[in-house]
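S.K.: First the structure, then my questions, so here it is.
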Amino acid sequence: MGSVLGKEKPLKEVLRENKRMINRAVRELDREKAALEREEKKLTIEIKKMAKEQQMGAVRIMAKDLVRTRAYITKFIEMRSHLQGCALKLQTVKSQQAMAEAMKSTTKAMMKMNKAVDAPAINKMMAEFERENMKSEMMQEIMGEALDDALAEDGDAEEEDKIVAQVLDEIGISFGEEVPDAPALGTGFKTNATNEEQKIPEAVGGGDPALSELEERLNNLKR
C-alpha cells in the first residue's frame, strides 16, 4: 500500500518483512526435507523386501527413486544453509543500521551540549575561582600569623630555641660546631664558608632537605 502511494517503507519494516519471509521459507524446506526423509526410509524398506522376493527389476527402479530422493534432500539442506546465510546478512545490516542511528542521536546530543556550554563564561568562572582562592589563602595566612602573635607568650622563643637545638643535636649539628665543607648546589666543588651563618645553609643546601627547613625556621626565630 505504501509503494502504491509512492511512500517508501522504513528500513526496519523492510528488514522485518524479509526476515519473516526467510523464516517462512526455511520452515517450508524443513517440512519438505522431513517428508523426503520419510520417503527415503520407506523406499529402503521396500527395496529390501523386493530384494528378498528376487524382484530385481523393481529393486532397480526403486533404487533410482532412492538416489533421486537423497539428492533432493541434499539440495534442500544446501538451500536451507543459503537462506540461513541471508538471514544472518539481514541481521548484520539491521545491527549496522541501529549503530548508525545511535551514532546519529549521540552526535545530535553532543552538538546540543556543546552549544549549551559557554566557553568564555567557564574561563571567567575559573579566573574568578583562582582569584578568590588566592584571597582565601592570603587571608588564612594573615589570620594564622595574627593568631601566632596574639597567642605568643614570654619564653616561647627560648623553648623553641631549645627544641631546635635538640633536633640539631640529634642529627649531629650544634650552634658552636663547625659544619664540614659541602659541595655547592649544582656543582661538584667544595666551598669554604667565612662565617657560621654561611656554613649552615651551605651544608643544608647540599645535604638533607629537612635540615634546610629547620635552619630556615631557626633563622626566622633569630629575627
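Each chain in the C-alpha cells gets a letter, A, B, ..., in the order shown, and its residues are numbered from 1; ligands are numbered from 1 in order too.
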Would you pick out the contacts of Val14 of chain A at 12 Å or less, using only C-alpha atoms, so that residues sharing its chain but fewer than 2 positions from it are not included, and give the list as a PyMOL selection string?
M.R.: chain A and resi 2-3+8-12+16-21+90-91+93-94
S.K.: Could you save those same residues with N, CA and C atoms as a PDB file, in the first residue's frame?
M.R.:
```
ATOM      1  N   GLY A   2       1.988   1.147   0.782  1.00  0.00           N
ATOM      2  CA  GLY A   2       2.881   2.300   0.828  1.00  0.00           C
ATOM      3  C   GLY A   2       3.566   2.518  -0.503  1.00  0.00           C
ATOM      4  N   SER A   3       3.914   1.419  -1.231  1.00  0.00           N
ATOM      5  CA  SER A   3       4.569   1.559  -2.521  1.00  0.00           C
ATOM      6  C   SER A   3       3.617   2.154  -3.552  1.00  0.00           C
ATOM      7  N   GLU A   8       8.075   5.237   0.550  1.00  0.00           N
ATOM      8  CA  GLU A   8       8.970   4.118   0.803  1.00  0.00           C
ATOM      9  C   GLU A   8       8.822   3.636   2.245  1.00  0.00           C
ATOM     10  N   LYS A   9       8.938   2.333   2.410  1.00  0.00           N
ATOM     11  CA  LYS A   9       8.845   1.759   3.746  1.00  0.00           C
ATOM     12  C   LYS A   9      10.130   2.031   4.509  1.00  0.00           C
ATOM     13  N   PRO A  10      10.025   2.172   5.798  1.00  0.00           N
ATOM     14  CA  PRO A  10      11.248   2.342   6.603  1.00  0.00           C
ATOM     15  C   PRO A  10      12.127   1.109   6.507  1.00  0.00           C
ATOM     16  N   LEU A  11      13.416   1.317   6.748  1.00  0.00           N
ATOM     17  CA  LEU A  11      14.355   0.215   6.642  1.00  0.00           C
ATOM     18  C   LEU A  11      14.042  -0.890   7.651  1.00  0.00           C
ATOM     19  N   LYS A  12      13.602  -0.519   8.839  1.00  0.00           N
ATOM     20  CA  LYS A  12      13.250  -1.523   9.842  1.00  0.00           C
ATOM     21  C   LYS A  12      12.124  -2.430   9.363  1.00  0.00           C
ATOM     22  N   ARG A  16      12.309  -6.421   8.609  1.00  0.00           N
ATOM     23  CA  ARG A  16      11.408  -7.322   9.324  1.00  0.00           C
ATOM     24  C   ARG A  16      10.651  -8.222   8.344  1.00  0.00           C
ATOM     25  N   GLU A  17      10.166  -7.642   7.250  1.00  0.00           N
ATOM     26  CA  GLU A  17       9.429  -8.427   6.267  1.00  0.00           C
ATOM     27  C   GLU A  17      10.323  -9.464   5.599  1.00  0.00           C
ATOM     28  N   ASN A  18      11.544  -9.072   5.264  1.00  0.00           N
ATOM     29  CA  ASN A  18      12.453 -10.025   4.624  1.00  0.00           C
ATOM     30  C   ASN A  18      12.823 -11.155   5.578  1.00  0.00           C
ATOM     31  N   LYS A  19      13.032 -10.831   6.835  1.00  0.00           N
ATOM     32  CA  LYS A  19      13.349 -11.873   7.814  1.00  0.00           C
ATOM     33  C   LYS A  19      12.177 -12.835   7.988  1.00  0.00           C
ATOM     34  N   ARG A  20      10.971 -12.283   8.023  1.00  0.00           N
ATOM     35  CA  ARG A  20       9.786 -13.129   8.149  1.00  0.00           C
ATOM     36  C   ARG A  20       9.657 -14.059   6.931  1.00  0.00           C
ATOM     37  N   MET A  21       9.931 -13.531   5.756  1.00  0.00           N
ATOM     38  CA  MET A  21       9.846 -14.334   4.542  1.00  0.00           C
ATOM     39  C   MET A  21      10.897 -15.449   4.540  1.00  0.00           C
ATOM     40  N   LEU A  90      20.990 -10.146   6.803  1.00  0.00           N
ATOM     41  CA  LEU A  90      19.970  -9.162   7.175  1.00  0.00           C
ATOM     42  C   LEU A  90      20.142  -8.698   8.620  1.00  0.00           C
ATOM     43  N   GLN A  91      20.487  -9.641   9.505  1.00  0.00           N
ATOM     44  CA  GLN A  91      20.704  -9.279  10.897  1.00  0.00           C
ATOM     45  C   GLN A  91      21.902  -8.342  11.027  1.00  0.00           C
ATOM     46  N   VAL A  93      22.947  -6.240   8.697  1.00  0.00           N
ATOM     47  CA  VAL A  93      22.507  -4.928   8.201  1.00  0.00           C
ATOM     48  C   VAL A  93      21.662  -4.210   9.251  1.00  0.00           C
ATOM     49  N   LYS A  94      20.813  -4.964   9.935  1.00  0.00           N
ATOM     50  CA  LYS A  94      19.977  -4.359  10.968  1.00  0.00           C
ATOM     51  C   LYS A  94      20.827  -3.810  12.107  1.00  0.00           C
TER      52      LYS A  94
END
```
S.K.: What lies within 10 Å of Leu66 of chain A using only C-alpha atoms, ignoring chain neighbours under 6 positions off, as a ChimeraX atom specification?
M.R.: /A:36,39-44,47,60,72
S.K.: Those residues with all heavy atoms, as a compact mmCIF listing (two decimals), in the first residue's frame please?
M.R.:
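Output below, filename again04.txt:
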```txt
# COMPACT_ATOMS: atom_id res chain seq x y z
N LEU A 36 10.75 -36.00 2.59
CA LEU A 36 11.65 -36.79 1.75
C LEU A 36 12.41 -37.82 2.57
O LEU A 36 12.69 -38.93 2.09
CB LEU A 36 12.63 -35.86 1.03
CG LEU A 36 12.03 -35.01 -0.10
CD1 LEU A 36 13.07 -34.06 -0.64
CD2 LEU A 36 11.49 -35.90 -1.22
N GLU A 39 10.13 -40.67 3.02
CA GLU A 39 10.06 -41.41 1.77
C GLU A 39 11.32 -42.26 1.56
O GLU A 39 11.25 -43.40 1.05
CB GLU A 39 9.89 -40.44 0.61
CG GLU A 39 9.69 -41.09 -0.75
CD GLU A 39 8.36 -41.84 -0.85
OE1 GLU A 39 7.43 -41.53 -0.06
OE2 GLU A 39 8.27 -42.74 -1.70
N GLU A 40 12.47 -41.71 1.98
CA GLU A 40 13.73 -42.46 1.86
C GLU A 40 13.68 -43.74 2.70
O GLU A 40 14.08 -44.83 2.24
CB GLU A 40 14.90 -41.58 2.30
CG GLU A 40 16.25 -42.28 2.24
CD GLU A 40 17.35 -41.42 2.84
OE1 GLU A 40 17.04 -40.35 3.41
OE2 GLU A 40 18.52 -41.84 2.76
N LYS A 41 13.19 -43.63 3.93
CA LYS A 41 13.09 -44.82 4.79
C LYS A 41 12.12 -45.85 4.20
O LYS A 41 12.38 -47.07 4.22
CB LYS A 41 12.63 -44.40 6.18
CG LYS A 41 13.66 -43.57 6.93
CD LYS A 41 13.12 -43.15 8.30
CE LYS A 41 14.14 -42.31 9.05
NZ LYS A 41 13.63 -41.87 10.39
N LYS A 42 11.01 -45.32 3.66
CA LYS A 42 10.01 -46.23 3.06
C LYS A 42 10.60 -46.97 1.87
O LYS A 42 10.40 -48.19 1.70
CB LYS A 42 8.79 -45.42 2.66
CG LYS A 42 7.66 -46.25 2.09
CD LYS A 42 6.47 -45.35 1.75
CE LYS A 42 5.34 -46.17 1.14
NZ LYS A 42 4.18 -45.30 0.78
N LEU A 43 11.35 -46.22 1.01
CA LEU A 43 11.96 -46.86 -0.16
C LEU A 43 13.00 -47.89 0.24
O LEU A 43 13.13 -48.95 -0.38
CB LEU A 43 12.59 -45.80 -1.06
CG LEU A 43 11.61 -44.95 -1.89
CD1 LEU A 43 12.35 -43.82 -2.58
CD2 LEU A 43 10.89 -45.83 -2.93
N THR A 44 13.75 -47.58 1.29
CA THR A 44 14.77 -48.52 1.76
C THR A 44 14.13 -49.83 2.21
O THR A 44 14.62 -50.93 1.88
CB THR A 44 15.57 -47.90 2.92
OG1 THR A 44 16.16 -46.67 2.49
CG2 THR A 44 16.68 -48.84 3.39
N ILE A 47 12.86 -51.70 -0.89
CA ILE A 47 13.96 -52.30 -1.68
C ILE A 47 14.42 -53.60 -1.03
O ILE A 47 14.64 -54.62 -1.71
CB ILE A 47 15.12 -51.30 -1.80
CG1 ILE A 47 14.74 -50.15 -2.75
CG2 ILE A 47 16.39 -51.99 -2.30
CD1 ILE A 47 15.73 -49.03 -2.81
N ARG A 60 15.71 -52.20 -8.92
CA ARG A 60 16.48 -51.17 -9.65
C ARG A 60 15.68 -49.87 -9.79
O ARG A 60 16.22 -48.77 -9.66
CB ARG A 60 16.86 -51.70 -11.03
CG ARG A 60 17.90 -52.80 -10.99
CD ARG A 60 18.42 -53.10 -12.41
NE ARG A 60 19.40 -54.17 -12.40
CZ ARG A 60 19.13 -55.44 -12.57
NH1 ARG A 60 17.85 -55.81 -12.76
NH2 ARG A 60 20.09 -56.35 -12.55
N TYR A 72 17.70 -34.83 -3.62
CA TYR A 72 16.85 -33.68 -3.27
C TYR A 72 16.99 -33.30 -1.80
O TYR A 72 16.92 -32.11 -1.45
CB TYR A 72 15.39 -33.98 -3.62
CG TYR A 72 15.05 -33.74 -5.07
CD1 TYR A 72 14.87 -34.80 -5.96
CD2 TYR A 72 14.93 -32.43 -5.55
CE1 TYR A 72 14.58 -34.58 -7.29
CE2 TYR A 72 14.64 -32.20 -6.88
CZ TYR A 72 14.47 -33.27 -7.75
OH TYR A 72 14.19 -33.04 -9.09
```
S.K.: Could you tell me which of A:Met50, A:Ala34, A:Ile61, A:Leu88 comes closest to Ile73 of chain A if we count only C-alpha atoms?
M.R.: A:Ala34
